[in-house]
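The next block is entry02.cif, given as mmCIF, C-alpha atoms.
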```
data_query
loop_
_atom_site.label_atom_id
_atom_site.label_comp_id
_atom_site.auth_asym_id
_atom_site.auth_seq_id
_atom_site.Cartn_x
_atom_site.Cartn_y
_atom_site.Cartn_z
CA MET A 841 127.29 108.96 84.17
CA ARG A 842 128.30 105.30 84.37
CA LYS A 843 128.21 103.61 87.76
CA PHE A 844 128.87 100.08 88.98
CA LEU A 845 125.59 99.23 90.71
CA SER A 846 123.61 96.30 92.01
CA GLY A 847 120.09 95.91 90.65
CA ASN A 848 118.65 97.35 93.86
CA GLU A 849 121.00 100.33 93.78
CA ALA A 850 120.21 100.92 90.12
CA PHE A 851 116.49 100.85 90.80
CA ALA A 852 116.90 103.28 93.68
CA GLU A 853 118.70 105.67 91.32
CA GLY A 854 115.77 105.44 88.92
CA VAL A 855 113.31 106.20 91.72
CA ARG A 856 115.40 109.20 92.83
CA LEU A 857 115.33 110.57 89.30
CA ALA A 858 111.53 110.21 89.23
CA ARG A 859 111.23 112.62 92.19
CA PRO A 860 108.60 110.76 94.27
CA GLN A 861 106.94 112.90 96.93
CA VAL A 862 106.20 110.06 99.36
CA ILE A 863 108.08 106.80 99.94
CA SER A 864 106.67 104.18 102.31
CA ALA A 865 109.27 101.61 103.30
CA TYR A 866 109.37 98.27 105.05
CA PRO A 867 112.44 96.04 104.57
CA ILE A 868 112.35 92.43 103.40
CA THR A 869 115.14 90.44 101.76
CA PRO A 870 116.14 90.82 98.92
CA GLN A 871 114.37 94.18 98.53
CA THR A 872 115.85 95.86 101.62
CA THR A 873 118.76 97.69 100.03
CA VAL A 874 116.40 99.56 97.67
CA VAL A 875 114.66 101.38 100.51
CA GLU A 876 117.96 101.68 102.42
CA ALA A 877 119.56 103.45 99.47
CA LEU A 878 116.55 105.75 99.14
CA SER A 879 116.68 106.58 102.86
CA VAL A 880 120.31 107.65 102.44
CA MET A 881 119.34 109.85 99.48
CA VAL A 882 116.61 111.52 101.56
CA GLU A 883 118.97 112.02 104.53
CA GLU A 884 121.74 113.55 102.41
CA GLY A 885 119.29 115.77 100.53
CA SER A 886 119.64 114.38 97.00
CA LEU A 887 115.98 113.29 97.16
CA ASN A 888 113.37 115.63 98.60
CA CYS A 889 110.39 113.60 99.78
CA GLU A 890 108.49 112.32 102.80
CA TYR A 891 110.06 109.00 103.84
CA LEU A 892 107.80 106.82 105.98
CA HIS A 893 109.35 103.85 107.77
CA VAL A 894 106.21 101.86 108.51
CA GLU A 895 105.57 98.74 110.61
CA SER A 896 104.54 96.25 107.91
CA GLU A 897 104.18 95.63 104.20
CA HIS A 898 100.41 95.97 104.52
CA THR A 899 100.92 99.46 105.94
CA ALA A 900 103.51 100.29 103.30
CA LEU A 901 100.98 99.91 100.49
CA SER A 902 98.16 101.41 102.57
CA ALA A 903 100.29 104.51 103.14
CA ALA A 904 101.12 104.70 99.45
CA ILE A 905 97.40 104.54 98.62
CA GLY A 906 96.67 107.35 101.06
CA ALA A 907 99.46 109.48 99.66
CA ALA A 908 98.37 108.81 96.07
CA ALA A 909 94.83 109.86 97.01
CA THR A 910 96.19 113.32 97.84
CA GLY A 911 97.75 113.57 94.37
CA ALA A 912 101.31 112.71 95.41
CA ARG A 913 103.75 110.65 93.36
CA THR A 914 104.45 107.62 95.53
CA PHE A 915 106.80 104.64 95.73
CA THR A 916 107.09 101.48 97.78
CA ALA A 917 108.86 98.14 97.47
CA THR A 918 108.48 94.59 98.73
CA SER A 919 109.15 90.91 98.06
CA SER A 920 107.73 87.41 98.50
CA GLN A 921 105.72 87.01 101.74
CA GLY A 922 105.62 90.78 102.00
CA LEU A 923 103.87 91.01 98.64
CA LEU A 924 101.37 88.39 99.77
CA TYR A 925 100.79 90.36 102.97
CA MET A 926 99.99 93.37 100.77
CA ALA A 927 97.54 91.35 98.66
CA GLU A 928 94.45 92.80 100.35
CA CYS A 929 95.64 96.29 99.43
CA LEU A 930 96.58 95.55 95.81
CA THR A 931 93.01 95.73 94.53
CA TYR A 932 92.34 98.90 96.54
CA ALA A 933 95.25 100.55 94.73
CA SER A 934 94.25 99.34 91.27
CA GLY A 935 90.51 99.75 91.74
CA GLY A 936 91.11 103.27 93.05
CA ARG A 937 93.14 103.95 89.88
CA PHE A 938 96.12 105.20 91.88
CA PRO A 939 99.33 105.22 89.75
CA ILE A 940 101.64 103.91 92.46
CA VAL A 941 104.95 102.40 91.37
CA MET A 942 106.17 99.43 93.40
CA MET A 943 109.34 97.43 92.97
CA ASN A 944 109.03 93.74 93.77
CA ALA A 945 112.23 91.77 94.27
CA ASN A 946 111.11 88.36 93.02
CA ARG A 947 111.61 85.75 95.73
CA ALA A 948 110.38 82.24 96.54
CA LEU A 949 107.33 81.70 98.74
CA ALA A 950 107.24 79.62 101.93
CA LEU A 951 107.17 76.78 102.82
CA PRO A 952 109.96 75.64 102.74
CA TRP A 953 111.29 79.00 103.95
CA ASN A 954 113.59 80.45 101.32
CA ILE A 955 115.01 83.92 100.77
CA TYR A 956 116.23 83.30 97.21
CA GLY A 957 114.75 84.26 93.89
CA ASP A 958 111.94 82.81 91.82
CA GLN A 959 108.82 84.43 90.38
CA ARG A 960 105.99 82.70 92.21
CA ASP A 961 105.24 85.80 94.29
CA SER A 962 104.30 88.23 91.51
CA LEU A 963 102.88 85.63 89.11
CA SER A 964 100.44 84.43 91.77
CA LEU A 965 98.94 87.94 91.82
CA LEU A 966 98.48 88.66 88.12
CA ASP A 967 94.73 89.12 88.52
CA HIS A 968 94.89 91.99 91.03
CA GLY A 969 94.70 94.72 88.43
CA TRP A 970 98.28 95.97 88.40
CA VAL A 971 100.47 96.43 85.34
CA GLN A 972 103.31 93.92 85.72
CA VAL A 973 106.67 94.31 83.98
CA TYR A 974 109.87 92.23 84.38
CA ALA A 975 113.45 93.50 84.02
CA GLU A 976 116.18 91.46 82.34
CA ASN A 977 119.18 93.38 83.71
CA ASN A 978 120.14 96.25 86.00
CA GLN A 979 120.06 98.92 83.30
CA GLU A 980 116.52 97.95 82.41
CA ALA A 981 115.61 97.96 86.11
CA LEU A 982 116.77 101.57 86.46
CA ASP A 983 115.05 102.67 83.28
CA LEU A 984 111.81 100.92 84.20
CA ALA A 985 111.70 102.84 87.46
CA LEU A 986 111.32 105.99 85.37
CA MET A 987 109.16 104.56 82.60
CA ALA A 988 106.78 102.91 85.07
CA TYR A 989 105.71 106.34 86.34
CA ALA A 990 105.17 107.59 82.81
CA VAL A 991 102.94 104.58 82.03
CA ALA A 992 101.10 104.62 85.36
CA GLU A 993 100.40 108.36 85.30
CA ASP A 994 99.19 108.52 81.71
CA GLU A 995 95.60 109.73 82.05
CA ARG A 996 94.44 106.95 79.72
CA VAL A 997 95.87 104.37 82.14
CA SER A 998 95.98 105.64 85.74
CA LEU A 999 96.88 102.24 87.18
CA PRO A 1000 99.61 101.06 89.57
CA VAL A 1001 102.70 99.39 88.12
CA MET A 1002 104.69 96.55 89.70
CA VAL A 1003 108.25 96.40 88.39
CA ASN A 1004 109.67 92.93 89.03
CA VAL A 1005 113.42 92.42 89.45
CA ASP A 1006 114.81 88.90 89.95
CA GLY A 1007 115.96 88.41 93.53
CA PHE A 1008 119.74 88.11 93.93
CA ALA A 1009 120.21 87.28 90.22
CA LEU A 1010 119.73 91.02 89.64
CA THR A 1011 119.05 92.70 92.99
CA HIS A 1012 122.47 91.84 94.44
CA THR A 1013 124.49 91.42 91.24
CA TYR A 1014 126.61 94.35 90.06
CA GLU A 1015 126.75 95.69 86.51
CA SER A 1016 127.90 98.83 84.77
CA VAL A 1017 124.84 101.07 84.49
CA GLU A 1018 124.27 104.40 82.78
CA VAL A 1019 122.58 106.78 85.23
CA PRO A 1020 120.84 109.71 83.50
CA ASP A 1021 121.27 113.22 84.81
CA GLN A 1022 118.36 114.87 86.57
CA ALA A 1023 117.69 117.34 83.77
CA ALA A 1024 117.15 114.52 81.26
CA ALA A 1025 114.91 112.67 83.71
CA ASP A 1026 112.86 115.80 84.34
CA ALA A 1027 112.46 116.38 80.61
CA PHE A 1028 111.18 112.83 80.21
CA LEU A 1029 108.97 112.69 83.32
CA PRO A 1030 107.15 115.93 84.17
CA PRO A 1031 105.59 116.54 87.61
CA TYR A 1032 102.54 114.41 88.37
CA VAL A 1033 99.16 116.11 87.92
CA THR A 1034 95.84 114.34 88.48
CA ALA A 1035 92.16 115.02 89.10
CA ASN A 1036 91.87 111.71 90.98
CA GLN A 1037 92.61 113.17 94.40
CA PHE A 1038 91.01 114.67 97.47
CA ASP A 1039 90.06 118.29 96.83
CA PHE A 1040 88.54 120.47 99.55
CA GLU A 1041 87.53 123.11 97.01
CA HIS A 1042 85.90 120.63 94.65
CA PRO A 1043 85.04 117.57 96.76
CA VAL A 1044 85.11 114.15 95.11
CA ASN A 1045 84.14 110.69 96.30
CA ILE A 1046 87.08 108.26 96.45
CA GLY A 1047 86.96 104.65 97.61
CA TYR A 1048 83.20 104.22 97.47
CA SER A 1049 81.00 101.15 97.07
CA ALA A 1050 79.39 100.01 93.82
CA GLY A 1051 76.63 97.41 93.88
CA PRO A 1052 75.59 94.89 91.24
CA GLU A 1053 73.96 97.44 88.97
CA PHE A 1054 77.14 99.55 88.61
CA ASN A 1055 80.10 97.35 89.54
CA ARG A 1056 80.53 95.84 86.10
CA TYR A 1057 81.12 99.27 84.57
CA TYR A 1058 84.10 99.89 86.83
CA GLN A 1059 85.58 96.48 86.04
CA HIS A 1060 85.06 97.08 82.32
CA ASP A 1061 86.78 100.47 82.52
CA HIS A 1062 89.66 98.92 84.48
CA HIS A 1063 90.11 96.22 81.84
CA ARG A 1064 89.95 98.79 79.04
CA ALA A 1065 92.60 100.95 80.75
CA MET A 1066 94.83 97.92 81.12
CA ARG A 1067 94.55 97.19 77.41
CA VAL A 1068 95.46 100.81 76.61
CA VAL A 1069 98.83 100.11 78.25
CA GLU A 1070 99.78 98.25 75.07
CA THR A 1071 99.50 101.55 73.20
CA VAL A 1072 101.05 103.71 75.91
CA VAL A 1073 104.20 101.62 76.48
CA PRO A 1074 105.63 102.14 72.94
CA GLU A 1075 104.84 105.85 73.19
CA VAL A 1076 106.62 106.12 76.54
CA GLU A 1077 109.60 104.15 75.23
CA ALA A 1078 109.87 106.40 72.18
CA ARG A 1079 110.01 109.46 74.45
CA PHE A 1080 112.52 107.70 76.68
CA ALA A 1081 114.74 106.86 73.69
CA LYS A 1082 114.68 110.49 72.59
CA ALA A 1083 115.61 111.72 76.08
CA MET A 1084 118.08 109.00 77.11
CA GLY A 1085 119.28 107.36 73.90
CA ARG A 1086 118.19 103.85 74.92
CA GLN A 1087 115.43 102.10 72.99
CA TYR A 1088 113.29 99.32 74.45
CA PRO A 1089 111.22 96.83 72.42
CA GLY A 1090 107.74 97.27 73.90
CA MET A 1091 105.55 94.58 75.41
CA ILE A 1092 107.70 91.66 74.22
CA GLN A 1093 111.16 91.17 72.79
CA THR A 1094 111.87 88.68 70.03
CA TYR A 1095 115.27 87.28 69.14
CA LYS A 1096 115.77 85.43 65.85
CA CYS A 1097 112.14 84.31 65.77
CA PHE A 1098 111.43 85.38 62.18
CA ASP A 1099 112.37 82.00 60.64
CA ALA A 1100 112.66 79.83 63.77
CA ASP A 1101 111.48 76.23 63.83
CA PHE A 1102 111.14 76.38 67.61
CA VAL A 1103 111.20 79.19 70.18
CA LEU A 1104 111.75 79.33 73.92
CA VAL A 1105 109.64 81.93 75.76
CA THR A 1106 110.96 83.32 79.02
CA LEU A 1107 110.66 86.13 81.55
CA GLY A 1108 113.23 88.24 83.40
CA SER A 1109 116.94 87.56 83.74
CA ALA A 1110 116.88 84.02 82.27
CA ALA A 1111 116.52 85.59 78.82
CA GLY A 1112 120.24 86.35 78.71
CA ILE A 1113 121.23 82.68 78.91
CA ALA A 1114 118.58 81.71 76.35
CA ARG A 1115 119.87 84.35 73.94
CA GLY A 1116 123.39 82.95 74.16
CA VAL A 1117 122.20 79.40 73.50
CA VAL A 1118 120.23 80.62 70.46
CA ASP A 1119 123.44 82.12 69.06
CA GLU A 1120 125.25 78.80 69.50
CA LEU A 1121 122.44 76.85 67.83
CA ARG A 1122 122.23 79.30 64.93
CA ALA A 1123 125.99 78.98 64.41
CA ALA A 1124 125.42 75.22 64.11
CA GLY A 1125 122.67 75.75 61.53
CA VAL A 1126 119.75 75.12 63.90
CA ARG A 1127 116.88 77.57 63.53
CA ALA A 1128 116.13 78.39 67.16
CA GLY A 1129 114.63 81.57 68.59
CA MET A 1130 113.85 83.26 71.90
CA LEU A 1131 110.94 85.45 72.98
CA ARG A 1132 111.08 87.47 76.18
CA ILE A 1133 107.81 88.63 77.70
CA ARG A 1134 108.39 92.02 79.31
CA TYR A 1135 104.84 92.83 80.38
CA MET A 1136 102.77 89.98 81.83
CA ARG A 1137 99.90 92.40 82.40
CA PRO A 1138 98.50 93.40 80.10
CA PHE A 1139 99.22 90.20 78.20
CA SER A 1140 99.93 90.82 74.51
CA ALA A 1141 98.42 87.71 72.94
CA LYS A 1142 98.37 89.17 69.43
CA LEU A 1143 102.04 90.16 69.47
CA ILE A 1144 103.07 86.78 70.86
CA ALA A 1145 100.94 84.93 68.32
CA ARG A 1146 102.43 87.02 65.51
CA ALA A 1147 105.92 86.01 66.64
CA LEU A 1148 105.10 82.34 67.19
CA GLY A 1149 102.47 81.69 64.54
CA ARG A 1150 104.80 79.84 62.14
CA VAL A 1151 106.98 77.87 64.56
CA ARG A 1152 106.78 74.09 64.84
CA ALA A 1153 107.24 73.94 68.62
CA VAL A 1154 107.07 76.36 71.55
CA GLY A 1155 108.66 76.08 74.97
CA VAL A 1156 108.11 78.25 78.02
CA LEU A 1157 110.88 78.50 80.63
CA GLU A 1158 109.69 80.02 83.90
CA LYS A 1159 110.53 80.29 87.58
CA ASP A 1160 107.15 79.32 88.99
CA ILE A 1161 104.60 76.52 89.07
CA SER A 1162 100.82 76.48 89.57
CA PHE A 1163 100.66 73.18 91.43
CA GLY A 1164 98.61 70.50 89.74
CA ALA A 1165 98.43 72.44 86.47
CA ALA A 1166 101.48 74.01 84.84
CA GLY A 1167 103.50 77.19 84.96
CA THR A 1168 101.51 80.42 85.01
CA VAL A 1169 103.42 81.92 82.09
CA TYR A 1170 102.89 78.74 80.07
CA ALA A 1171 99.14 78.83 80.75
CA ASN A 1172 98.98 82.45 79.60
CA VAL A 1173 101.02 81.79 76.46
CA LEU A 1174 98.88 78.83 75.42
CA ALA A 1175 95.66 80.71 76.14
CA GLY A 1176 96.92 83.65 74.09
CA LEU A 1177 97.84 81.42 71.16
CA ALA A 1178 94.45 79.69 71.34
CA GLN A 1179 92.73 83.10 71.23
CA GLN A 1180 94.49 83.70 67.94
CA GLY A 1181 93.59 80.26 66.57
CA ILE A 1182 97.08 78.77 66.94
CA ALA A 1183 97.73 75.24 68.22
CA VAL A 1184 101.37 74.21 68.31
CA PRO A 1185 103.20 71.42 70.18
CA SER A 1186 104.60 72.85 73.39
CA LEU A 1187 106.64 72.12 76.51
CA ASN A 1188 106.77 73.88 79.87
CA PHE A 1189 110.17 74.02 81.57
CA ILE A 1190 110.10 74.80 85.29
CA GLY A 1191 113.43 75.94 86.70
CA GLY A 1192 115.11 78.36 89.05
CA LEU A 1193 112.75 77.61 91.95
CA GLY A 1194 114.00 78.76 95.33
CA GLY A 1195 116.99 80.47 93.75
CA ASP A 1196 118.26 77.38 91.96
CA ASP A 1197 120.49 78.28 89.03
CA VAL A 1198 119.02 78.12 85.56
CA THR A 1199 122.18 76.82 83.93
CA ARG A 1200 123.33 76.97 80.33
CA ALA A 1201 123.26 73.15 80.28
CA GLN A 1202 119.60 73.17 81.33
CA VAL A 1203 118.69 75.71 78.66
CA GLU A 1204 120.56 73.66 76.06
CA GLU A 1205 118.60 70.62 77.25
CA ALA A 1206 115.35 72.56 76.86
CA TYR A 1207 116.22 73.56 73.30
CA ALA A 1208 117.16 69.96 72.48
CA ALA A 1209 113.75 68.82 73.71
CA LEU A 1210 112.06 71.51 71.61
CA LYS A 1211 114.01 70.47 68.52
CA ALA A 1212 112.88 66.86 69.02
CA LEU A 1213 109.31 68.03 69.56
CA ALA A 1214 109.38 70.12 66.38
CA GLU A 1215 110.60 67.13 64.41
CA SER A 1216 107.99 64.76 65.86
CA GLY A 1217 105.05 67.20 65.70
CA GLU A 1218 103.39 65.41 68.61
CA HIS A 1219 101.48 67.12 71.44
CA PRO A 1220 102.89 65.64 74.69
CA ALA A 1221 100.33 64.32 77.17
CA ASP A 1222 102.21 65.98 80.06
CA PRO A 1223 104.14 69.03 78.86
CA VAL A 1224 105.61 70.00 82.24
CA ARG A 1225 109.34 69.36 82.71
CA PHE A 1226 111.12 70.24 85.97
CA LEU A 1227 114.70 71.18 85.12
CA GLY A 1228 117.24 69.33 87.26
CA ILE A 1229 114.77 66.60 88.29
CA ASP A 1230 114.92 63.01 87.11
CA GLU A 1231 111.24 62.05 87.07
CA MET A 1232 112.06 58.35 86.82
CA GLU A 1233 114.21 58.41 89.94
CA GLY A 1234 112.17 61.09 91.72
CA GLY A 1235 115.30 62.92 92.81
CA ALA A 1236 117.62 65.76 91.85
CA ARG A 1237 120.37 65.03 89.36
#
```
Show this structure as structure tokens.
Amino acid sequence: MRKFLSGNEAFAEGVRLARPQVISAYPITPQTTVVEALSVMVEEGSLNCEYLHVESEHTALSAAIGAAATGARTFTATSSQGLLYMAECLTYASGGRFPIVMMNANRALALPWNIYGDQRDSLSLLDHGWVQVYAENNQEALDLALMAYAVAEDERVSLPVMVNVDGFALTHTYESVEVPDQAAADAFLPPYVTANQFDFEHPVNIGYSAGPEFNRYYQHDHHRAMRVVETVVPEVEARFAKAMGRQYPGMIQTYKCFDADFVLVTLGSAAGIARGVVDELRAAGVRAGMLRIRYMRPFSAKLIARALGRVRAVGVLEKDISFGAAGTVYANVLAGLAQQGIAVPSLNFIGGLGGDDVTRAQVEEAYAALKALAESGEHPADPVRFLGIDEMEGGAR
């Protein structure tokens, strides 16, 4: 059935179809309408689960961890400062190997106080052991709500998944979305079964300590499970395509990269604008390409290197900055290329901070800079470019 839904409403529909048994909810803009929509579903009876309205984001994830430890399928959601408030709990969830699914509505961090969307919140927490995936549009947001459970609950993985949806750009923007029926969702996602739970008949130890002589083994197993996600995601997407008729491209998505002289890498909703600019450049005979990273964790260095190995220049457009260094996505892309023995001239475009628009003109400007870089072949001393800022004047254009 097709519905006209905001990104938050679409994600809530995906969660409903996944049949979670426990939802822990605390509102924060721009995530609030996700848990509001789910509360309505529970009240009207279209979703049968325990709905916990807790007193903080810290408690929201703590409650989800407790529910997951009983073997329940769980869901929670947050954004920005709320995600940072949860940070202490993130490693408890991942280290405990609890396959919680959490939606994060990407939003700027304070100060200055700002309720609008950028990706500094989730990207600042890449090292907390969660699978991180980013939606481009509302349909993908809905579908990822379902696929995230399938990835998280795979016994080879058993890790929590954070599904990131751009604040306001997606969460509050309406699109036509195909909502699967419950029978198709049930066929794709069976009930959750796990041995990683409290069991009075066969007691197990959960949440224990591990000293220096054992700790490394747990971290190694965690890392190995994260790498297995790269195998599990295509399998899950193949099953999803069979059940729903929609095919997704795996860990990354390439667009006209096969013969490109230069490629812009991006994350989330900005990919749509980049794709349109690539079409314009191709029509003018310019060999441009676009690569969208879907999963930031695990990071698929080999796939990215395979797509970018022959290009003459690489740009990364992202909605975050690691102050005094560069963008987090840029740092990961360059490290991944270096792992594969690839050194290519590159630029890092920082835009969309605090909800600022990433405009078509800015993306065109980024591609023009990449074209010039490809032609010069030089490695710039400072690759970071803030879109919309005139560095010479020190002010906004």
>> For this structure, which residues satisfy the selection - the PyMOL selection byres ((chain A and resi 889) around 8) - when it is evaluated on the file as given? I want them as a ChimeraX atom specification.
In response: /A:859-863,882,887-888,890-891
>> For the provided coordinates, the residues matched by the PyMOL selection byres ((chain A and resi 929) around 12) should be stated as a count of residues only.
In response: 31
>> Once the PyMOL selection byres ((chain A and resi 1015-1027) around 6) has been evaluated on this model, what residues remain selected, and can you format them as a PyMOL selection string?
In response: chain A and resi 841-845+857+979+1014+1028-1030
> Can you tell me, as a list in words, what residues are no more than 12 Å from Glu1120 in chain A when counting all atoms listed in the file, ignoring any on the same chain fewer than 4 positions away?
Replying inline: Ile1113, Ala1114, Arg1115, Gly1116, Ala1124, Gly1125, Val1126, Arg1127, Ala1128, Gly1129, Arg1200, Val1203, Glu1204 and Tyr1207 of chain A
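Distance cut-off 10 Å, centre (108.4, 100.4, 69.3), atoms counted only C-alpha atoms; the residues meeting this are Thr1071, Val1073, Pro1074, Glu1075, Val1076, Glu1077, Ala1078, Gln1087, Tyr1088, Pro1089, Gly1090 and Met1091 of chain A.
Using all atoms listed in the file, the nearest neighbour of Phe1102 in chain A within the list A:Arg1132, A:Lys1211, A:Arg1064, A:Arg1137 is A:Lys1211.
The protein and nucleic acid residues lying at most 9 Å from Gln1202 in chain A are Gly1191, Val1198, Ala1206, Tyr1207, Leu1227 and Gly1228 of chain A, with all atoms listed in the file considered and sequence neighbours fewer than 4 positions away removed.
If you measure from each of A:Met1066, A:Ile1046, A:Ala1147, A:Leu1010 to Ser998 in chain A using only C-alpha atoms, the closest one turns out to be A:Met1066.
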> Using all atoms listed in the file, which of A:His1012, A:Arg1152, A:Arg1067, A:Arg913 sits nearest Ala858 in chain A?
Replying inline: A:Arg913
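Between CA of Val1156 in chain A and CA of Lys1096 in chain A there is a distance of 16.1 Å.
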> Mind pulling up the distance from CA of His1063 in chain A to CA of Asn1045 in chain A?
Replying inline: 21.3 Å
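Interatomic distance, CA of Ile1190 in chain A to CA of Met1136 in chain A: 17.2 Å.
Residues lying at most 10 Å from (100.3, 88.5, 88.4) in file coordinates, with only C-alpha atoms considered, are Gln959, Arg960, Asp961, Ser962, Leu963, Ser964, Leu965, Leu966, Asp967, His968, Gly969, Trp970, Val971, Gln972, Val973, Met1002, Met1136, Arg1137, Pro1138, Thr1168 and Val1169 of chain A.
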>> List the spatial neighbours of Tyr956 in chain A as a PyMOL selection string - criterion: any atom at most 12 Å away, all atoms listed in the file, same-chain residues fewer than 4 positions off excluded.
In response: chain A and resi 868-871+919-920+945-950+952+960-961+1006-1012+1159+1192-1197
>> Please determine, counting all atoms listed in the file, which residue among A:Arg1122, A:His1062, A:Arg937, A:Lys1142 has the shortest atom-to-atom distance to Ala1035 in chain A.
In response: A:Arg937
> Of the candidates A:Thr872, A:Tyr974, A:Thr1034, A:Asp983, which one gets nearest to Val997 in chain A if we count all atoms listed in the file?
Replying inline: A:Thr1034
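Minimum atom-to-atom distances from A:Ile1161, A:Ala1110, A:Val1173, A:Ala912 to Pro1031 in chain A were compared using only C-alpha atoms, and the lowest value belongs to A:Ala912.
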Just range 1187-1193 of chain A from the block, all heavy atoms, as a PDB file, in the first residue's frame, could you?
```pdb
ATOM      1  N   LEU A1187      39.765  16.206  -1.825  1.00  0.00           N
ATOM      2  CA  LEU A1187      39.225  17.386  -1.159  1.00  0.00           C
ATOM      3  C   LEU A1187      38.098  16.964  -0.220  1.00  0.00           C
ATOM      4  O   LEU A1187      37.383  15.991  -0.487  1.00  0.00           O
ATOM      5  CB  LEU A1187      38.690  18.400  -2.170  1.00  0.00           C
ATOM      6  CG  LEU A1187      39.722  19.136  -3.027  1.00  0.00           C
ATOM      7  CD1 LEU A1187      39.023  19.931  -4.127  1.00  0.00           C
ATOM      8  CD2 LEU A1187      40.585  20.055  -2.172  1.00  0.00           C
ATOM      9  N   ASN A1188      37.956  17.703   0.867  1.00  0.00           N
ATOM     10  CA  ASN A1188      36.917  17.429   1.857  1.00  0.00           C
ATOM     11  C   ASN A1188      35.981  18.630   1.937  1.00  0.00           C
ATOM     12  O   ASN A1188      36.388  19.723   2.322  1.00  0.00           O
ATOM     13  CB  ASN A1188      37.593  17.185   3.219  1.00  0.00           C
ATOM     14  CG  ASN A1188      36.631  16.746   4.300  1.00  0.00           C
ATOM     15  OD1 ASN A1188      36.971  16.801   5.472  1.00  0.00           O
ATOM     16  ND2 ASN A1188      35.450  16.297   3.949  1.00  0.00           N
ATOM     17  N   PHE A1189      34.731  18.421   1.537  1.00  0.00           N
ATOM     18  CA  PHE A1189      33.742  19.494   1.518  1.00  0.00           C
ATOM     19  C   PHE A1189      32.827  19.361   2.733  1.00  0.00           C
ATOM     20  O   PHE A1189      32.137  18.346   2.890  1.00  0.00           O
ATOM     21  CB  PHE A1189      32.926  19.443   0.232  1.00  0.00           C
ATOM     22  CG  PHE A1189      33.767  19.527  -1.014  1.00  0.00           C
ATOM     23  CD1 PHE A1189      34.072  18.380  -1.734  1.00  0.00           C
ATOM     24  CD2 PHE A1189      34.283  20.738  -1.448  1.00  0.00           C
ATOM     25  CE1 PHE A1189      34.855  18.443  -2.878  1.00  0.00           C
ATOM     26  CE2 PHE A1189      35.075  20.818  -2.592  1.00  0.00           C
ATOM     27  CZ  PHE A1189      35.361  19.671  -3.310  1.00  0.00           C
ATOM     28  N   ILE A1190      32.838  20.372   3.585  1.00  0.00           N
ATOM     29  CA  ILE A1190      32.026  20.377   4.794  1.00  0.00           C
ATOM     30  C   ILE A1190      30.820  21.271   4.557  1.00  0.00           C
ATOM     31  O   ILE A1190      30.959  22.463   4.265  1.00  0.00           O
ATOM     32  CB  ILE A1190      32.822  20.907   6.010  1.00  0.00           C
ATOM     33  CG1 ILE A1190      34.165  20.170   6.149  1.00  0.00           C
ATOM     34  CG2 ILE A1190      31.990  20.801   7.275  1.00  0.00           C
ATOM     35  CD1 ILE A1190      34.051  18.694   6.398  1.00  0.00           C
ATOM     36  N   GLY A1191      29.630  20.704   4.647  1.00  0.00           N
ATOM     37  CA  GLY A1191      28.421  21.493   4.404  1.00  0.00           C
ATOM     38  C   GLY A1191      27.256  20.965   5.213  1.00  0.00           C
ATOM     39  O   GLY A1191      27.337  19.924   5.859  1.00  0.00           O
ATOM     40  N   GLY A1192      26.161  21.705   5.193  1.00  0.00           N
ATOM     41  CA  GLY A1192      24.949  21.254   5.859  1.00  0.00           C
ATOM     42  C   GLY A1192      25.002  21.302   7.364  1.00  0.00           C
ATOM     43  O   GLY A1192      24.152  20.705   8.037  1.00  0.00           O
ATOM     44  N   LEU A1193      25.981  22.001   7.954  1.00  0.00           N
ATOM     45  CA  LEU A1193      26.088  22.038   9.411  1.00  0.00           C
ATOM     46  C   LEU A1193      24.939  22.846  10.005  1.00  0.00           C
ATOM     47  O   LEU A1193      24.552  23.894   9.480  1.00  0.00           O
ATOM     48  CB  LEU A1193      27.429  22.635   9.836  1.00  0.00           C
ATOM     49  CG  LEU A1193      28.679  21.879   9.373  1.00  0.00           C
ATOM     50  CD1 LEU A1193      29.939  22.564   9.898  1.00  0.00           C
ATOM     51  CD2 LEU A1193      28.641  20.423   9.826  1.00  0.00           C
TER      52      LEU A1193
END
```
